[in-house]
Structure formats: structure tokens, C-alpha cells
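> Okay, so here is protein-v4.cif, and as you'll see once you scroll down, it has mmCIF, C-alpha atoms and all ligand atoms.
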data_data
loop_
_atom_site.label_atom_id
_atom_site.label_comp_id
_atom_site.auth_asym_id
_atom_site.auth_seq_id
_atom_site.Cartn_x
_atom_site.Cartn_y
_atom_site.Cartn_z
CA MET A 1 58.95 10.04 151.43
CA ALA A 2 56.84 13.24 151.49
CA PRO A 3 53.46 12.91 149.75
CA ASP A 4 52.62 14.19 146.26
CA HIS A 5 50.29 17.19 146.00
CA THR A 6 48.60 17.49 142.61
CA ALA A 7 46.58 20.50 141.43
CA VAL A 8 44.60 21.14 138.26
CA ALA A 9 43.98 24.62 136.82
CA HIS A 10 42.51 25.96 133.59
CA PRO A 11 43.47 28.97 131.47
CA ASN A 12 41.37 32.11 131.49
CA ILE A 13 40.76 34.60 128.72
CA ALA A 14 40.54 38.26 129.71
CA LEU A 15 37.52 40.16 128.38
CA VAL A 16 39.06 43.35 129.81
CA LYS A 17 42.82 42.92 129.52
CA TYR A 18 45.82 43.36 131.77
CA TRP A 19 48.85 44.75 129.94
CA GLY A 20 51.74 46.48 131.74
CA LYS A 21 53.03 46.33 135.31
CA ARG A 22 53.54 48.99 137.92
CA ASP A 23 55.81 46.68 139.93
CA GLU A 24 57.79 44.09 137.99
CA LYS A 25 59.28 42.39 141.04
CA LEU A 26 55.94 41.92 142.79
CA VAL A 27 54.15 41.41 139.43
CA ILE A 28 51.51 44.08 140.09
CA PRO A 29 49.48 45.21 137.05
CA ASN A 30 48.79 48.82 136.07
CA VAL A 31 45.14 48.08 135.31
CA ASP A 32 42.29 45.92 136.62
CA SER A 33 41.30 43.00 134.38
CA LEU A 34 38.30 40.69 134.10
CA SER A 35 38.28 37.18 132.62
CA MET A 36 36.43 33.96 131.97
CA THR A 37 38.08 30.74 133.12
CA LEU A 38 37.75 27.97 130.52
CA ASP A 39 36.88 24.28 130.71
CA VAL A 40 39.58 23.24 128.22
CA PHE A 41 43.40 22.97 128.17
CA PRO A 42 44.04 22.12 131.85
CA THR A 43 47.47 22.16 133.46
CA VAL A 44 48.16 19.36 135.96
CA THR A 45 51.03 19.97 138.36
CA THR A 46 52.44 17.72 141.09
CA VAL A 47 54.78 19.02 143.80
CA ARG A 48 56.65 16.88 146.31
CA VAL A 49 59.00 18.24 148.97
CA THR A 50 62.35 16.39 148.84
CA PRO A 51 64.28 16.84 152.13
CA GLY A 52 68.03 16.38 151.73
CA GLU A 53 68.09 17.09 147.97
CA PRO A 54 70.42 19.98 147.01
CA THR A 55 68.30 21.38 144.15
CA ASP A 56 64.76 21.46 142.77
CA THR A 57 63.91 19.01 139.99
CA VAL A 58 61.50 20.49 137.44
CA THR A 59 59.89 18.46 134.65
CA PHE A 60 57.79 20.14 131.96
CA ASP A 61 55.63 17.95 129.74
CA GLY A 62 57.94 15.01 130.49
CA ALA A 63 61.24 16.83 129.78
CA THR A 64 63.65 18.42 132.26
CA ALA A 65 62.99 22.17 132.35
CA GLU A 66 65.93 24.47 131.66
CA GLY A 67 66.82 28.14 131.38
CA GLU A 68 64.14 30.77 131.84
CA GLN A 69 61.35 28.20 132.21
CA ARG A 70 63.12 26.47 135.11
CA LEU A 71 64.16 29.77 136.71
CA ARG A 72 60.60 31.10 136.86
CA ILE A 73 59.49 27.94 138.67
CA THR A 74 62.42 27.74 141.11
CA GLU A 75 62.05 31.45 141.96
CA PHE A 76 58.37 30.83 142.61
CA LEU A 77 59.27 27.89 144.88
CA ASP A 78 61.74 30.18 146.71
CA LEU A 79 58.83 32.52 147.46
CA VAL A 80 56.72 29.62 148.76
CA ARG A 81 59.66 28.40 150.89
CA LYS A 82 60.22 31.86 152.33
CA THR A 83 56.51 32.20 153.19
CA ALA A 84 56.41 28.73 154.76
CA GLY A 85 59.74 29.12 156.56
CA ARG A 86 60.90 25.79 155.12
CA PRO A 87 64.13 25.34 153.19
CA GLU A 88 63.60 21.94 151.53
CA ARG A 89 63.83 21.62 147.75
CA ALA A 90 61.07 19.98 145.73
CA THR A 91 60.25 18.04 142.59
CA VAL A 92 57.73 19.66 140.25
CA ASP A 93 56.09 17.79 137.41
CA THR A 94 53.85 19.90 135.21
CA ARG A 95 51.79 18.85 132.20
CA ASN A 96 50.06 21.28 129.87
CA ALA A 97 47.25 20.32 127.56
CA VAL A 98 47.98 23.56 125.73
CA PRO A 99 51.12 24.57 123.79
CA THR A 100 53.35 26.61 126.10
CA GLY A 101 54.13 30.22 125.21
CA ALA A 102 51.70 30.49 122.30
CA GLY A 103 49.39 33.11 123.81
CA LEU A 104 46.96 30.48 125.04
CA ALA A 105 47.37 31.46 128.66
CA SER A 106 49.47 28.47 129.71
CA SER A 107 51.28 30.70 132.22
CA ALA A 108 47.88 31.42 133.81
CA SER A 109 46.88 27.78 134.25
CA GLY A 110 50.52 26.88 134.99
CA PHE A 111 51.11 29.25 137.88
CA ALA A 112 47.60 28.77 139.28
CA ALA A 113 48.21 24.99 139.45
CA LEU A 114 51.73 25.49 140.83
CA ALA A 115 50.51 27.91 143.52
CA VAL A 116 47.84 25.48 144.74
CA ALA A 117 50.10 22.40 144.62
CA ALA A 118 53.18 24.09 146.14
CA ALA A 119 51.16 25.77 148.93
CA ALA A 120 49.75 22.35 149.87
CA ALA A 121 53.14 20.62 149.64
CA TYR A 122 54.76 23.19 151.96
CA GLY A 123 51.84 23.17 154.40
CA LEU A 124 50.66 26.75 153.73
CA ASP A 125 47.02 27.18 154.66
CA LEU A 126 45.97 29.96 152.26
CA ASP A 127 42.44 31.14 151.45
CA PRO A 128 41.55 31.71 147.76
CA THR A 129 42.41 35.43 147.99
CA ALA A 130 45.87 34.66 149.35
CA LEU A 131 46.32 31.91 146.73
CA SER A 132 45.46 34.44 144.01
CA ARG A 133 48.14 36.81 145.34
CA LEU A 134 50.65 33.96 145.36
CA ALA A 135 49.73 32.86 141.81
CA ARG A 136 50.04 36.50 140.67
CA ARG A 137 53.72 36.48 141.66
CA GLY A 138 54.29 33.75 139.04
CA SER A 139 52.21 35.43 136.31
CA ALA A 140 49.58 38.10 136.92
CA SER A 141 46.90 36.45 134.78
CA ALA A 142 47.31 33.27 136.91
CA ALA A 143 45.64 35.05 139.84
CA ARG A 144 42.34 34.90 137.92
CA SER A 145 42.61 31.14 137.21
CA ILE A 146 42.40 30.45 140.96
CA PHE A 147 38.70 31.11 140.44
CA GLY A 148 36.25 29.51 138.03
CA ASP A 149 33.78 31.28 135.74
CA PHE A 150 34.33 35.07 135.79
CA ALA A 151 37.01 36.74 137.90
CA ILE A 152 38.51 40.19 138.37
CA LEU A 153 42.16 40.94 139.16
CA TYR A 154 42.56 44.19 141.02
CA ALA A 155 45.67 46.23 140.29
CA ARG A 156 45.26 48.17 143.54
CA ARG A 157 42.42 47.64 145.96
CA GLY A 158 42.93 48.79 149.53
CA ASP A 159 45.71 50.84 151.06
CA ALA A 160 47.89 48.28 152.80
CA ALA A 161 51.48 49.49 153.20
CA ASP A 162 52.62 46.22 151.63
CA ALA A 163 51.63 46.74 147.95
CA ASP A 164 51.46 42.95 147.45
CA LEU A 165 48.35 42.79 149.63
CA ASN A 166 46.39 45.23 147.46
CA SER A 167 46.53 43.22 144.21
CA TYR A 168 44.44 40.03 144.17
CA ALA A 169 41.65 38.32 142.27
CA GLU A 170 38.08 37.61 143.30
CA PRO A 171 35.09 35.95 141.64
CA VAL A 172 32.59 38.07 139.70
CA PRO A 173 29.20 36.38 140.16
CA VAL A 174 27.43 36.18 136.79
CA PRO A 175 24.39 33.95 137.20
CA ASP A 176 22.73 34.23 133.80
CA PHE A 177 25.49 34.30 131.22
CA ASP A 178 27.02 31.12 129.85
CA PRO A 179 28.55 31.90 126.45
CA ALA A 180 30.82 29.77 124.28
CA LEU A 181 34.37 30.88 123.53
CA VAL A 182 35.60 29.36 120.29
CA ILE A 183 39.39 29.24 120.05
CA ALA A 184 41.24 29.12 116.73
CA VAL A 185 44.81 27.96 117.33
CA VAL A 186 46.34 29.39 114.18
CA ASN A 187 49.91 28.90 115.35
CA ALA A 188 50.79 26.74 118.35
CA GLY A 189 54.50 27.64 118.30
CA PRO A 190 56.14 29.84 120.94
CA LYS A 191 55.73 33.57 120.41
CA ALA A 192 58.47 35.77 118.99
CA VAL A 193 58.46 38.23 121.92
CA SER A 194 57.52 37.12 125.44
CA SER A 195 54.57 38.99 126.94
CA ARG A 196 56.88 40.12 129.73
CA THR A 197 59.27 41.86 127.32
CA ALA A 198 56.44 43.13 125.12
CA MET A 199 54.50 44.75 127.94
CA ARG A 200 57.59 46.45 129.34
CA ARG A 201 58.41 47.89 125.91
CA THR A 202 54.80 49.00 125.43
CA VAL A 203 54.63 50.85 128.76
CA GLU A 204 58.01 52.48 128.18
CA THR A 205 57.63 53.54 124.55
CA SER A 206 54.03 53.45 123.30
CA PRO A 207 52.24 56.83 123.23
CA LEU A 208 48.95 54.91 123.13
CA TYR A 209 49.54 52.91 126.31
CA TRP A 210 48.11 55.25 128.97
CA PRO A 211 45.07 56.34 126.93
CA TRP A 212 44.22 52.65 126.50
CA ALA A 213 44.83 51.91 130.19
CA ARG A 214 42.56 54.82 131.19
CA ALA A 215 39.83 53.67 128.79
CA GLY A 216 40.02 50.30 130.56
CA THR A 217 38.29 51.81 133.60
CA THR A 218 35.22 52.53 131.47
CA ASP A 219 35.52 49.15 129.73
CA LEU A 220 35.51 47.40 133.11
CA ALA A 221 32.44 49.25 134.44
CA ASP A 222 30.59 48.67 131.14
CA MET A 223 31.64 45.02 131.13
CA ARG A 224 30.32 44.37 134.64
CA ALA A 225 26.96 45.90 133.69
CA ALA A 226 26.80 43.91 130.42
CA LEU A 227 27.63 40.64 132.23
CA ASN A 228 24.91 41.35 134.79
CA ARG A 229 22.40 41.83 131.99
CA GLY A 230 23.64 38.66 130.25
CA ASP A 231 24.02 40.85 127.14
CA LEU A 232 26.29 38.94 124.75
CA ASP A 233 26.43 41.74 122.17
CA ALA A 234 27.54 44.31 124.73
CA VAL A 235 30.03 41.91 126.37
CA GLY A 236 31.45 41.09 122.94
CA GLU A 237 31.70 44.70 121.77
CA ILE A 238 33.48 45.78 124.95
CA ALA A 239 35.86 42.79 124.86
CA GLU A 240 36.64 43.46 121.20
CA ARG A 241 37.33 47.19 121.63
CA ASN A 242 39.50 46.50 124.67
CA ALA A 243 41.54 43.82 122.86
CA PHE A 244 41.99 45.83 119.64
CA GLY A 245 43.04 48.78 121.77
CA MET A 246 45.64 46.66 123.56
CA HIS A 247 47.08 45.49 120.23
CA ALA A 248 47.12 49.12 119.03
CA THR A 249 49.28 50.04 122.05
CA MET A 250 51.74 47.33 121.05
CA LEU A 251 51.80 48.34 117.38
CA ALA A 252 52.65 51.88 118.51
CA ALA A 253 55.54 50.66 120.69
CA ARG A 254 59.07 51.41 119.48
CA PRO A 255 59.99 49.03 117.96
CA ALA A 256 56.47 47.73 117.28
CA VAL A 257 55.27 44.46 118.80
CA ARG A 258 52.97 42.66 116.39
CA TYR A 259 51.40 39.37 117.44
CA LEU A 260 48.67 39.34 114.79
CA SER A 261 49.50 37.24 111.74
CA PRO A 262 47.79 36.96 108.31
CA ALA A 263 45.87 33.94 109.66
CA THR A 264 44.69 36.06 112.62
CA VAL A 265 43.35 38.70 110.25
CA ALA A 266 41.67 36.03 108.08
CA VAL A 267 39.83 34.72 111.17
CA LEU A 268 38.86 38.28 112.15
CA ASP A 269 37.38 38.74 108.64
CA GLY A 270 35.42 35.52 109.23
CA VAL A 271 34.01 37.03 112.43
CA LEU A 272 32.85 40.10 110.47
CA ARG A 273 31.18 37.82 107.87
CA LEU A 274 29.35 35.99 110.67
CA ARG A 275 28.06 39.28 112.05
CA ALA A 276 26.98 40.40 108.59
CA ASP A 277 24.99 37.16 108.43
CA GLY A 278 23.31 37.99 111.74
CA VAL A 279 25.39 35.67 113.97
CA PRO A 280 26.59 37.53 117.11
CA ALA A 281 30.32 36.73 117.34
CA TYR A 282 33.08 38.87 118.85
CA ALA A 283 36.85 38.39 118.84
CA THR A 284 39.62 38.81 121.38
CA MET A 285 43.36 38.16 121.03
CA ASP A 286 46.16 37.98 123.59
CA ALA A 287 49.94 37.94 123.28
CA GLY A 288 49.89 35.68 120.24
CA PRO A 289 48.20 35.14 116.87
CA ASN A 290 45.34 32.93 118.11
CA VAL A 291 41.78 34.25 118.07
CA LYS A 292 39.07 33.55 120.65
CA VAL A 293 35.50 34.25 119.60
CA LEU A 294 32.66 34.82 122.02
CA CYS A 295 29.24 33.63 120.84
CA HIS A 296 26.00 31.94 121.90
CA PRO A 297 26.52 28.19 122.51
CA ALA A 298 23.88 27.44 119.87
CA ASP A 299 26.05 29.25 117.26
CA ALA A 300 29.37 27.71 118.37
CA ALA A 301 29.51 24.96 115.72
CA ARG A 302 28.84 27.47 112.91
CA VAL A 303 31.38 29.92 114.33
CA ALA A 304 33.95 27.11 114.63
CA ALA A 305 33.36 26.06 111.02
CA THR A 306 33.79 29.64 109.76
CA MET A 307 37.02 30.06 111.72
CA GLY A 308 38.34 26.74 110.38
CA GLU A 309 37.58 27.79 106.79
CA ALA A 310 39.17 31.21 107.31
CA ALA A 311 42.49 29.74 108.46
CA PRO A 312 42.87 26.31 106.87
CA GLY A 313 44.88 23.93 109.03
CA CYS A 314 44.14 25.72 112.29
CA THR A 315 42.80 23.78 115.28
CA VAL A 316 39.43 24.97 116.56
CA VAL A 317 38.24 24.23 120.09
CA ILE A 318 34.91 25.20 121.66
CA ALA A 319 35.26 26.22 125.33
CA ARG A 320 32.74 27.13 128.01
CA ARG A 321 33.03 28.50 131.57
CA GLY A 322 35.35 26.28 133.58
CA PRO A 323 36.31 25.53 137.18
CA GLY A 324 38.81 27.25 139.48
CA ALA A 325 42.16 25.72 140.44
CA ALA A 326 41.85 22.81 142.86
CA LEU A 327 43.81 20.03 144.51
CA ARG A 328 43.15 16.65 143.03
CA SER A 329 42.24 14.17 145.72
CA GLY A 330 43.62 10.63 145.77
C1 LIG A 401 47.55 39.68 126.97
O1 LIG A 401 49.96 37.22 132.79
O2 LIG A 401 51.22 36.23 130.83
O3 LIG A 401 47.02 37.70 128.19
O4 LIG A 401 52.32 38.76 134.43
O5 LIG A 401 54.24 39.01 132.84
O6 LIG A 401 53.40 36.72 133.44
P1 LIG A 401 53.06 38.19 133.25
O7 LIG A 401 52.09 38.29 131.98
P2 LIG A 401 50.82 37.45 131.61
O8 LIG A 401 50.11 38.49 130.61
C2 LIG A 401 48.85 38.27 130.12
C3 LIG A 401 48.47 39.36 129.22
C4 LIG A 401 47.27 39.09 128.35
C5 LIG A 401 46.02 39.79 128.89
C6 LIG A 401 45.39 39.17 130.12
O9 LIG A 401 45.41 37.94 130.30
O10 LIG A 401 44.81 39.96 130.91
#
Show me the file's structure as C-alpha cells.


Amino acid sequence: MAPDHTAVAHPNIALVKYWGKRDEKLVIPNVDSLSMTLDVFPTVTTVRVTPGEPTDTVTFDGATAEGEQRLRITEFLDLVRKTAGRPERATVDTRNAVPTGAGLASSASGFAALAVAAAAAYGLDLDPTALSRLARRGSASAARSIFGDFAILYARRGDAADADLNSYAEPVPVPDFDPALVIAVVNAGPKAVSSRTAMRRTVETSPLYWPWARAGTTDLADMRAALNRGDLDAVGEIAERNAFGMHATMLAARPAVRYLSPATVAVLDGVLRLRADGVPAYATMDAGPNVKVLCHPADAARVAATMGEAAPGCTVVIARRGPGAALRSG
């Protein structure tokens, strides 16, 4: 029997967001994005090549995967098989510590772990840059979870004829900045509109999309400088304006895409109260109602308490910088 290859990856939260693709088949973003990989909510994925089996077997949190979920994984395995020149099917067992599809970046940790485990199982010897390209094909944000701490995903860097080669992630060294990111899970259920559908609709119909995308160039340059200075207030302000701008593009789509719920807004009001009380705290939201708040580690417990009071019943988790995707030995 072929050996098991198990990889662990963590979600990342973008401080300068990716939203919208210029190539849907190759999963190439329109804009560069920059994120922090977390130390919570890991995905653990095991891949084993199964010679002689007619189909892939995919298990998700202990249950057989079906429909769209299964298709995304088998199509990803097809890409790995094509690259490796090996036709065998595989078994994939994936376990998420985070609710799937709730805007908590499970596709990022999921496809980062799958890329690392599947590449190993099929004998592909890929460096981290190549692994980030591979993970991107599953979900663009997954490219950034190949790396720990802070990472950038380039939409287009270089002029290779093969567009796939020009979009990859790389680490952003940030020696003196170690913030907390407090996550309020206000609704762990799957989202109403998938990010894939929502971003397509936004690019096609929102008059605010390209102005936001263009502003992202400034946001990214400002963000790099703020990270280098270890300036939490500047990092937070840039992350907040970039995230609110992204949600504005969605609200202006036709029909509108609205991920923010009353509980989201209640938590955002809590963030404003913290700031009024002199606690530096800044919010970001992705394709779901959950809120992530950047703050100094010393303020994290107070921030968490405020978020919990603002949205009673929500789960609050304090995250820090986390590791890149890696094979688990043994
Ligand atoms: C709002 O990476 O989940 O979290 O590439 O279609 O799989 P696909 O989308 P995905 O989108 C993430 C969008 C975001 C912002 C970000 O992480 O940069």
C-alpha cells in the first residue's frame, strides 16, 4: 500500500484583500493581496495514492464529500496528476478545525494543506513558490497560507508567456510586528453566496469595483511601510479602509451581495467604542459576517470581551501569527 502523506495548514486573513479574478480557470486575481497567517483553526489533510482504484475517495470532516465540494478536490487532484504524469486515483481525508464556507478562510487552509499533501503523495518536488502557485489553483487565498506570518500574493509579477507562472505568493519579512487578531465568529453557518459567485458578480456589475482595485495599489504600498515600522494604528487603518471598500464594491453589485449581518455591525460598533476609550483596535471582514480585530496582544482579552458583549452568543478566538503549511512527519 502507498504511504500516507499528511499536511497541516492554517488560514490567513488578508490585510489588503483579493477580490475578483482576471482568469477564472487559472484562478489568477486582479489585484495583489497581503495577509497574516494565523496560529488557530488548522486544516489537516492526508492523501494516499491508490493504484487500481477507479475513482478518488474524498472524506471531509469524517463524511464522504459530494457535489461541488468533491468536484473542487478531484479537479485539483487532476491538476496534480497531470503535473506529475501519474494517473492513479487517491484517497483524501481532510479535517477542518474551522466551520467550512463561513468566511473563515477554510478554503485557504484547505487548499494549502491539500497542495502540500498531494504534491508529496504524487512525488512532485516543488519549492514553496511552486507550491503557492499550485495552491492558488484550488483557491487564490490558499497561495498565501503556504507561508507563515505575513505573505503577499502577486496577481502578475514577471512576464512569462504562461500566465500561471506570474501569480504566486512569497513571504513578507516583518521582524518587529506581532499583533493579535481577535476573531468573533458571529455565524458559523455556510454563507448565502459563495465567494466565487460573489466576486464574479462584483467584477461584472459593480461600478465601485475598479476604483477599489486601483486604490489597493496605494493600500499595499502603505501597508508594507506600516508593517516595516511596526505601526499598529497605520496597519489597522489601512486594513479597515481596504476591507470596508471591498464590502462597498459588493453592496454596489447588481444584485447587491451583503455579507455583513446585524451582529457584524454590533461588533463593529464595539470596535469604535474601544477606540473611543483609547484602545487601538481595527476591524476586517471577508466573505462572511465574522469580524476579525487587529490589536496589541496586551489588549486582546479586553477586545475579546467587548466583541463577546456586542454579539451575545458569538465565539471569540484570539489568534497570533502562525506557521506556513508543512508536511507532518511520522
Ligand atoms: C474576501 O480565495 O476564497 O477572503 O480564489 O475563488 O477560491 P477563490 O476565492 P477565495 O477568496 C478570498 C477572498 C477574501 C479576501 C482575501 O482573502 O484576500

> Please tabulate, as a Markdown table, the residues of chain A that come within 6 Å of ligand LIG 401 (chain A), each with its closest pair of atoms and the distance in Å to one decimal, counting all atoms listed in the file and ordering rows by chain, then residue number upward.


| residue | atom | partner | partner_atom | distance |
| --- | --- | --- | --- | --- |
| A:Ile13 | CA | A:LIG401 | O9 | 5.9 |
| A:Ala14 | CA | A:LIG401 | O10 | 4.8 |
| A:Lys17 | CA | A:LIG401 | O10 | 3.8 |
| A:Tyr18 | CA | A:LIG401 | O10 | 3.6 |
| A:Trp19 | CA | A:LIG401 | C3 | 5.5 |
| A:Val27 | CA | A:LIG401 | O4 | 5.9 |
| A:Ser33 | CA | A:LIG401 | O10 | 5.8 |
| A:Ser107 | CA | A:LIG401 | O2 | 5.7 |
| A:Ser139 | CA | A:LIG401 | O6 | 3.4 |
| A:Ala140 | CA | A:LIG401 | O4 | 3.8 |
| A:Ser141 | CA | A:LIG401 | O1 | 3.7 |
| A:Ser195 | CA | A:LIG401 | O7 | 5.7 |
| A:Arg196 | CA | A:LIG401 | O5 | 4.2 |
| A:Asp286 | CA | A:LIG401 | C1 | 4.0 |
| A:Ala287 | CA | A:LIG401 | C1 | 4.7 |

> Using only C-alpha atoms, which protein or nucleic acid residues come within 6 Å of Gly322 in chain A? Drop anything in the same chain fewer than 5 positions from it, and give the result as a list in words.

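Listing them by chain and then by number gives Thr37, Leu38, Asp39, Gly148 and Asp149 of chain A.
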
> Between CA of Ala221 in chain A and CA of Tyr282 in chain A, measure the distance and give it in Å to one decimal.

18.7 Å

> For each of A:Asp93, A:Glu309, A:Glu240, A:Asp222, take the minimum atom-to-atom distance to Val186 in chain A, counting all atoms listed in the file, then give the residue where this is smallest.

A:Glu309

> With all atoms listed in the file as the counted atoms, please give the residues lying no more than 9 Å from range 271-273 of chain A, apart from itself and same-chain residues fewer than 2 positions off, as a list in words.

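Listing them by chain and then by number gives Ala266, Val267, Leu268, Asp269, Arg275, Ala276, Asp277, Gly278, Val279, Pro280, Ala281, Tyr282, Ala283, Val293, Val303, Thr306 and Met307 of chain A.
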
> One number please: CA of Thr83 in chain A to CA of Met36 in chain A, in Å, one decimal.

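The value is 29.3 Å.
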
> Figure out the distance between CA of Thr6 in chain A and CA of Thr55 in chain A, please, to one decimal in Å.

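Answer for the CA of Thr55 in chain A to CA of Thr6 in chain A separation: 20.1 Å.
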
> Need to verify the contact set: Ala234 in chain A, 9 Å, all atoms listed in the file, exclusion of same-chain residues closer than 6 positions in sequence. Can you return it as number ranges by chain?

A: 222-223, 226-227
